[in-house]
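run_33.cif follows; it contains mmCIF, C-alpha atoms.
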data_coords
#
loop_
_atom_site.label_atom_id
_atom_site.label_comp_id
_atom_site.auth_asym_id
_atom_site.auth_seq_id
_atom_site.Cartn_x
_atom_site.Cartn_y
_atom_site.Cartn_z
CA MET A 1 -9.31 -7.71 8.66
CA LYS A 2 -6.67 -9.83 6.90
CA LYS A 3 -3.09 -8.98 7.81
CA LEU A 4 0.37 -10.31 6.97
CA PHE A 5 3.86 -9.53 8.25
CA ILE A 6 6.83 -10.30 5.98
CA ILE A 7 10.35 -10.41 7.41
CA SER A 8 12.91 -10.00 4.66
CA SER A 9 16.06 -11.99 5.40
CA LYS A 10 17.61 -10.05 2.51
CA SER A 11 17.86 -6.96 4.72
CA GLY A 12 21.20 -5.75 6.04
CA ARG A 13 20.56 -6.68 9.67
CA GLY A 14 19.54 -10.31 9.10
CA ARG A 15 17.33 -12.30 11.46
CA ASP A 16 16.31 -10.77 14.78
CA LYS A 17 14.99 -13.56 17.02
CA ASN A 18 13.93 -11.19 19.80
CA PHE A 19 11.87 -9.14 17.36
CA GLU A 20 10.25 -12.29 15.98
CA ARG A 21 9.22 -13.39 19.48
CA GLU A 22 7.77 -9.95 20.24
CA LEU A 23 5.91 -9.99 16.93
CA LEU A 24 3.88 -13.01 18.09
CA LYS A 25 2.13 -10.71 20.56
CA TYR A 26 0.51 -8.95 17.61
CA PHE A 27 0.37 -11.55 14.81
CA LYS A 28 -0.51 -15.24 14.66
CA GLU A 29 2.18 -17.62 13.42
CA ASP A 30 0.40 -18.12 10.10
CA GLU A 31 0.33 -14.32 9.60
CA ILE A 32 4.15 -14.13 9.63
CA LYS A 33 6.26 -15.05 6.61
CA ILE A 34 10.07 -15.09 6.58
CA THR A 35 11.82 -15.02 3.23
CA GLU A 36 14.32 -17.77 2.50
CA LYS A 37 15.22 -17.27 -1.15
CA ALA A 38 15.10 -14.72 -3.93
CA GLY A 39 11.56 -14.07 -5.07
CA ASP A 40 9.88 -14.97 -1.78
CA THR A 41 9.04 -11.37 -0.94
CA ILE A 42 7.23 -10.91 -4.25
CA SER A 43 5.40 -14.25 -4.13
CA PHE A 44 4.23 -13.69 -0.52
CA ALA A 45 2.93 -10.23 -1.42
CA GLU A 46 1.23 -11.40 -4.62
CA ASP A 47 -0.52 -14.26 -2.85
CA PHE A 48 -1.75 -12.00 -0.04
CA ARG A 49 -2.94 -9.33 -2.50
CA ASP A 50 -4.77 -11.89 -4.65
CA LYS A 51 -6.56 -13.28 -1.59
CA GLY A 52 -7.93 -9.84 -0.73
CA GLY A 53 -5.47 -9.02 2.04
CA ASP A 54 -5.99 -5.72 3.86
CA LEU A 55 -2.75 -4.86 5.71
CA LEU A 56 0.71 -6.00 4.66
CA PHE A 57 3.63 -5.05 6.89
CA ILE A 58 7.23 -5.70 5.91
CA LYS A 59 10.44 -5.52 7.91
CA SER A 60 13.07 -4.84 5.29
CA GLY A 61 15.41 -2.43 3.63
CA ASP A 62 14.44 -0.22 0.73
CA GLY A 63 15.08 -2.87 -1.94
CA ALA A 64 12.54 -5.40 -0.66
CA LEU A 65 10.14 -2.55 0.14
CA SER A 66 10.32 -1.47 -3.50
CA GLU A 67 9.50 -5.01 -4.64
CA VAL A 68 6.38 -5.14 -2.49
CA ALA A 69 5.30 -1.64 -3.55
CA SER A 70 5.46 -2.85 -7.15
CA VAL A 71 3.17 -5.78 -6.31
CA LEU A 72 0.66 -3.67 -4.35
CA ARG A 73 0.62 -0.76 -6.80
CA ALA A 74 -3.00 0.26 -7.54
CA SER A 75 -4.38 -2.52 -5.31
CA ASP A 76 -6.63 -2.38 -2.23
CA THR A 77 -3.89 -3.76 0.04
CA ALA A 78 -2.17 -1.20 2.28
CA LEU A 79 1.57 -1.36 2.97
CA GLY A 80 3.44 -0.55 6.17
CA LEU A 81 7.21 -0.49 6.72
CA VAL A 82 9.26 -1.63 9.70
CA PRO A 83 12.88 -0.51 9.12
CA GLY A 84 15.14 -3.54 8.80
CA GLY A 85 17.84 -2.77 6.25
CA THR A 86 21.25 -1.14 6.14
CA GLY A 87 20.34 2.46 5.33
CA ASN A 88 16.57 2.49 5.97
CA ASP A 89 16.34 5.71 4.01
CA PHE A 90 12.66 5.57 3.08
CA SER A 91 11.67 5.17 6.73
CA LYS A 92 13.26 8.58 7.45
CA ASN A 93 10.24 10.19 5.78
CA PHE A 94 8.09 9.10 8.74
CA ARG A 95 8.03 9.15 12.53
CA PRO A 96 10.19 6.49 14.28
CA PHE A 97 8.61 3.02 14.46
CA GLU A 98 7.62 1.28 17.69
CA LEU A 99 6.27 -2.28 17.53
CA SER A 100 3.85 -1.56 20.38
CA ASN A 101 2.31 1.11 18.13
CA ILE A 102 1.85 -1.04 15.04
CA PHE A 103 -1.95 -1.05 15.09
CA ASN A 104 -2.27 2.63 15.90
CA TYR A 105 -2.29 3.83 12.31
CA GLU A 106 -4.09 5.63 9.54
CA ILE A 107 -4.08 4.77 5.84
CA SER A 108 -3.44 7.41 3.19
CA PRO A 109 -2.17 7.02 -0.39
CA ILE A 110 1.32 7.97 -1.53
CA ASP A 111 2.80 8.42 -5.00
CA LEU A 112 4.99 5.96 -6.85
CA VAL A 113 7.21 6.40 -9.91
CA GLU A 114 7.43 4.28 -13.04
CA VAL A 115 10.96 4.16 -14.46
CA ASN A 116 11.59 2.17 -17.64
CA GLY A 117 8.60 0.00 -16.78
CA LYS A 118 9.75 -0.66 -13.20
CA THR A 119 8.22 0.71 -10.01
CA CYS A 120 10.19 3.10 -7.79
CA ILE A 121 8.97 4.09 -4.34
CA ASN A 122 11.84 6.31 -3.22
CA VAL A 123 14.65 7.58 -5.49
CA THR A 124 16.00 6.86 -8.95
CA SER A 125 19.40 8.38 -9.59
CA LEU A 126 22.36 8.30 -11.92
CA GLY A 127 25.87 9.63 -11.86
CA PHE A 128 28.15 9.97 -8.86
CA ASP A 129 25.78 8.45 -6.30
CA THR A 130 25.15 5.31 -8.35
CA ASN A 131 28.89 4.80 -8.67
CA VAL A 132 29.10 5.13 -4.88
CA LEU A 133 26.55 2.31 -4.63
CA LYS A 134 28.47 0.19 -7.12
CA TYR A 135 31.70 0.44 -5.13
CA ALA A 136 29.90 0.03 -1.79
CA TYR A 137 28.09 -3.14 -2.91
CA ASP A 138 31.34 -4.52 -4.27
CA ILE A 139 33.27 -4.13 -1.01
CA MET A 140 30.36 -5.44 1.08
CA LYS A 141 30.42 -8.61 -1.01
CA ARG A 142 34.15 -9.03 -0.51
CA LYS A 143 34.55 -7.91 3.11
CA ASN A 144 32.46 -8.02 6.27
CA ILE A 145 32.07 -4.29 6.91
CA SER A 146 29.15 -2.09 7.89
CA GLY A 147 26.99 -0.25 5.40
CA LYS A 148 28.21 3.17 6.56
CA LEU A 149 31.86 2.24 6.07
CA ALA A 150 31.03 0.73 2.69
CA TYR A 151 29.31 3.94 1.58
CA LEU A 152 32.29 6.00 2.77
CA TYR A 153 34.58 3.74 0.76
CA GLY A 154 32.25 4.18 -2.22
CA VAL A 155 32.43 7.98 -1.94
CA ILE A 156 36.23 8.00 -1.79
CA LYS A 157 36.50 5.56 -4.69
CA SER A 158 34.02 7.56 -6.78
CA VAL A 159 35.86 10.84 -6.16
CA ALA A 160 39.08 9.18 -7.30
CA ASN A 161 37.36 7.77 -10.41
CA LEU A 162 34.98 10.53 -11.48
CA GLU A 163 32.57 9.60 -14.27
CA ILE A 164 30.59 12.49 -15.77
CA VAL A 165 27.94 11.82 -18.43
CA ASN A 166 26.43 14.19 -21.01
CA LEU A 167 22.68 14.20 -20.49
CA LYS A 168 19.63 15.51 -22.31
CA ILE A 169 16.64 15.88 -20.00
CA SER A 170 13.24 16.37 -21.64
CA TYR A 171 10.53 16.78 -19.04
CA CYS A 172 7.05 18.04 -18.21
CA ASP A 173 6.99 20.44 -15.29
CA GLN A 174 4.25 20.84 -12.67
CA GLU A 175 2.17 22.85 -15.17
CA ASP A 176 2.63 20.09 -17.78
CA ILE A 177 4.76 22.42 -19.90
CA GLU A 178 7.40 20.55 -21.91
CA ARG A 179 10.96 21.69 -21.26
CA GLU A 180 14.48 20.52 -22.10
CA ILE A 181 17.94 21.00 -20.64
CA THR A 182 21.32 19.53 -21.50
CA GLY A 183 24.57 19.37 -19.62
CA ARG A 184 27.23 17.39 -17.85
CA PHE A 185 25.94 16.49 -14.42
CA LEU A 186 27.68 14.99 -11.42
CA VAL A 187 24.39 13.91 -9.84
CA SER A 188 20.86 13.49 -11.20
CA ALA A 189 18.46 12.31 -8.47
CA LEU A 190 14.77 11.84 -9.29
CA CYS A 191 13.10 11.91 -5.90
CA ASN A 192 9.75 10.76 -4.58
CA GLY A 193 11.04 10.40 -1.03
CA SER A 194 13.52 12.78 0.59
CA TYR A 195 16.38 10.46 1.67
CA TYR A 196 18.73 7.95 0.05
CA GLY A 197 22.33 6.72 0.07
CA ASN A 198 22.53 5.89 3.78
CA GLY A 199 21.19 9.17 5.11
CA PHE A 200 21.69 11.76 2.37
CA ASN A 201 18.84 14.26 1.97
CA PRO A 202 18.73 15.26 -1.71
CA SER A 203 15.11 16.44 -1.72
CA PRO A 204 14.30 18.28 1.54
CA ARG A 205 11.21 19.88 -0.02
CA GLY A 206 9.86 16.65 -1.52
CA ARG A 207 6.46 15.23 -0.55
CA LEU A 208 5.26 11.68 -1.08
CA ASP A 209 1.67 12.61 -1.89
CA ASP A 210 1.81 15.74 -4.05
CA GLY A 211 1.78 14.09 -7.50
CA LEU A 212 5.17 15.66 -8.26
CA LEU A 213 8.80 14.57 -8.43
CA ASN A 214 11.86 16.58 -7.41
CA LEU A 215 14.73 16.22 -9.85
CA ILE A 216 17.95 17.34 -8.15
CA LEU A 217 20.86 18.15 -10.46
CA ALA A 218 24.46 18.95 -9.53
CA ASP A 219 26.67 20.24 -12.34
CA GLU A 220 30.02 18.71 -13.22
CA MET A 221 32.66 19.60 -10.61
CA GLY A 222 36.06 18.42 -9.47
CA PRO A 223 37.06 16.68 -6.23
CA LEU A 224 37.28 19.93 -4.24
CA GLY A 225 33.79 20.94 -5.32
CA ILE A 226 32.45 17.51 -4.35
CA ILE A 227 34.02 17.79 -0.89
CA LYS A 228 32.38 21.19 -0.40
CA LEU A 229 29.02 19.86 -1.57
CA PHE A 230 29.20 16.63 0.43
CA SER A 231 28.21 17.97 3.87
CA SER A 232 25.38 20.22 2.70
CA TYR A 233 24.00 17.47 0.43
CA ARG A 234 23.89 15.07 3.35
CA LYS A 235 22.04 17.58 5.54
CA GLY A 236 19.62 18.74 2.83
CA ALA A 237 21.16 22.22 2.82
CA HIS A 238 22.44 22.14 -0.78
CA LEU A 239 19.52 23.75 -2.61
CA GLY A 240 20.56 27.19 -3.77
CA LYS A 241 24.25 26.36 -3.70
CA PRO A 242 26.24 27.15 -6.90
CA GLY A 243 25.89 24.40 -9.48
CA VAL A 244 22.83 22.80 -7.82
CA ARG A 245 19.29 23.08 -9.11
CA GLU A 246 15.90 21.55 -8.36
CA ILE A 247 13.38 20.81 -11.11
CA ILE A 248 9.76 19.97 -10.31
CA THR A 249 8.49 17.45 -12.82
CA ARG A 250 5.73 14.93 -13.53
CA SER A 251 7.31 12.92 -16.35
CA GLY A 252 10.21 12.93 -18.73
CA VAL A 253 13.10 11.22 -20.48
CA ILE A 254 16.77 11.36 -19.46
CA SER A 255 19.11 10.23 -22.23
CA SER A 256 22.77 10.17 -23.19
CA ASP A 257 24.92 9.32 -26.18
CA GLN A 258 26.66 6.71 -24.03
CA GLU A 259 25.51 3.99 -21.64
CA PHE A 260 25.29 5.02 -17.99
CA LEU A 261 24.63 3.40 -14.64
CA TYR A 262 21.46 4.26 -12.77
CA ASN A 263 19.67 2.81 -9.78
CA ILE A 264 16.04 2.37 -8.78
CA ASP A 265 15.72 2.23 -4.99
CA GLY A 266 19.29 0.92 -4.79
CA GLU A 267 19.06 -1.71 -7.56
CA ILE A 268 21.62 -0.91 -10.28
CA TYR A 269 20.90 -1.02 -14.04
CA ARG A 270 22.49 0.18 -17.28
CA ALA A 271 20.87 2.15 -20.10
CA ARG A 272 21.29 5.01 -22.55
CA GLU A 273 17.84 6.34 -21.70
CA ILE A 274 15.39 6.29 -18.83
CA SER A 275 11.75 7.24 -19.14
CA TYR A 276 9.84 8.17 -16.00
CA LYS A 277 6.44 9.35 -14.82
CA VAL A 278 4.85 9.93 -11.43
CA LEU A 279 1.97 7.64 -10.44
CA PRO A 280 -0.15 9.84 -8.15
CA LYS A 281 -1.57 8.17 -5.02
CA ALA A 282 -0.81 4.72 -6.45
CA LEU A 283 -0.11 2.95 -3.14
CA LYS A 284 -2.14 2.76 0.06
CA TRP A 285 0.31 3.55 2.86
CA ILE A 286 0.11 2.77 6.59
CA TYR A 287 1.15 5.77 8.66
CA TYR A 288 1.91 5.01 12.32
CA LYS A 289 0.52 7.50 14.81
CA GLU A 290 2.12 8.56 18.09
#
Spell out the structure here as structure tokens.
Amino acid sequence: MKKLFIISSKSGRGRDKNFERELLKYFKEDEIKITEKAGDTISFAEDFRDKGGDLLFIKSGDGALSEVASVLRASDTALGLVPGGTGNDFSKNFRPFELSNIFNYEISPIDLVEVNGKTCINVTSLGFDTNVLKYAYDIMKRKNISGKLAYLYGVIKSVANLEIVNLKISYCDQEDIEREITGRFLVSALCNGSYYGNGFNPSPRGRLDDGLLNLILADEMGPLGIIKLFSSYRKGAHLGKPGVREIITRSGVISSDQEFLYNIDGEIYRAREISYKVLPKALKWIYYKE
């Protein structure tokens, strides 16, 4: 059984020497790769996949995880996550990780999403939450503050500088019936996983292996409405609240008459249109047992 462990130095917590020493109890030195520059994560994963690797584990945040998922999509190599980033939102879909339990696992496929030709493992969103990310990333670059404080700053800044975009959403629902809605939305979150944004729970009913996506929409609202929504949205208690809806979808196109910001697993892009589709059971996933 060929195995590889990648440690992403891109993650929010940086190098953990104690963890690396403990890891040598389970992996040989040549089975551990530590990234040093941009692109290393992808090249390590591609090389391992092309050599017929069986189990690839990565300690990272959601960004590096998404890169590896893109490489391993539709391959025979299974992927396992060790939380190592700032928010670690995707890991919240699973039981807590213990290194001593790393080889007590089962492998089962999960869905991925293709968005404008790119692979998404967790959440693609646009609107208020992407602006929160933009402001949070900006302050983290300029000041040495924690991810949680940066996200709080991003929320405050986004409330003070609300940007609402007119959207047309053409989609296929779970019965493959074509539908269309239009409106001005504060948040549009296309969810495979249930968590994003440093602990927010936009899709509490979402499943990673059902071949469906949960599109969460929050209508345009002012600062007071956002404050009221904030707590319930974080806890996953927002579904059914006024101005919030959940659409179950397999594919679709979200477009606007103006350019908007959107993010795929935390990486920010600009477009006037995003096209998406679910990729059912496209990635072999390593589930840790108790």
So which residues fall inside 10 Å of (-4.7, -0.5, -7.4) if we count only C-alpha atoms? Mind giving them as a list in words?
->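 Those residues, ordered by chain and then number, are Val71, Leu72, Arg73, Ala74, Ser75, Asp76, Thr77, Lys281, Ala282, Leu283 and Lys284 of chain A.
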Draw an axis-aligned box tight on the listed atoms of range 136-151 of chain A, then pad every side by 4 Å and write out centre and edge lengths in Å to one decimal as lines of an AutoDock Vina configuration file.
center_x = 30.8
center_y = -2.5
center_z = 1.8
size_x = 15.6
size_y = 21.0
size_z = 20.2
Name the residues captured by the PyMOL selection byres ((chain A and resi 208) around 10) when it is applied to the shown file; answer as an MDAnalysis selection string.
-> chainID A and resid 93 109:112 121:122 191:194 206:207 209:213 280:281
Which value, in Å to one decimal, gives the distance between CA of Ser251 in chain A and CA of Gly236 in chain A?
->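 One can read the CA of Ser251 in chain A to CA of Gly236 in chain A distance as 23.5 Å.
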Report the residues retrieved by the PyMOL selection byres ((chain A and resi 41-54) around 10) from the displayed file, expressed as a ChimeraX atom specification.
-> /A:1-10,33-40,55-58,60,64-72,75-79
Restrict the calculation to all atoms listed in the file, then for each residue of range 97-191 of chain A with any atom at most 7 Å from an atom of range 260-274 of chain A give the closest atom pair and their distance in Å to one decimal, rows by chain and rising residue number, as CSV.
residue,atom,partner,partner_atom,distance
A:Val115,CA,A:Ile274,CA,6.6
A:Asn116,CA,A:Ile274,CA,5.7
A:Cys120,CA,A:Ile264,CA,6.0
A:Asn122,CA,A:Asp265,CA,5.9
A:Val123,CA,A:Asp265,CA,5.5
A:Thr124,CA,A:Ile264,CA,4.5
A:Ser125,CA,A:Asn263,CA,5.6
A:Leu126,CA,A:Tyr262,CA,4.2
A:Gly127,CA,A:Leu261,CA,6.9
A:Thr130,CA,A:Tyr262,CA,5.9
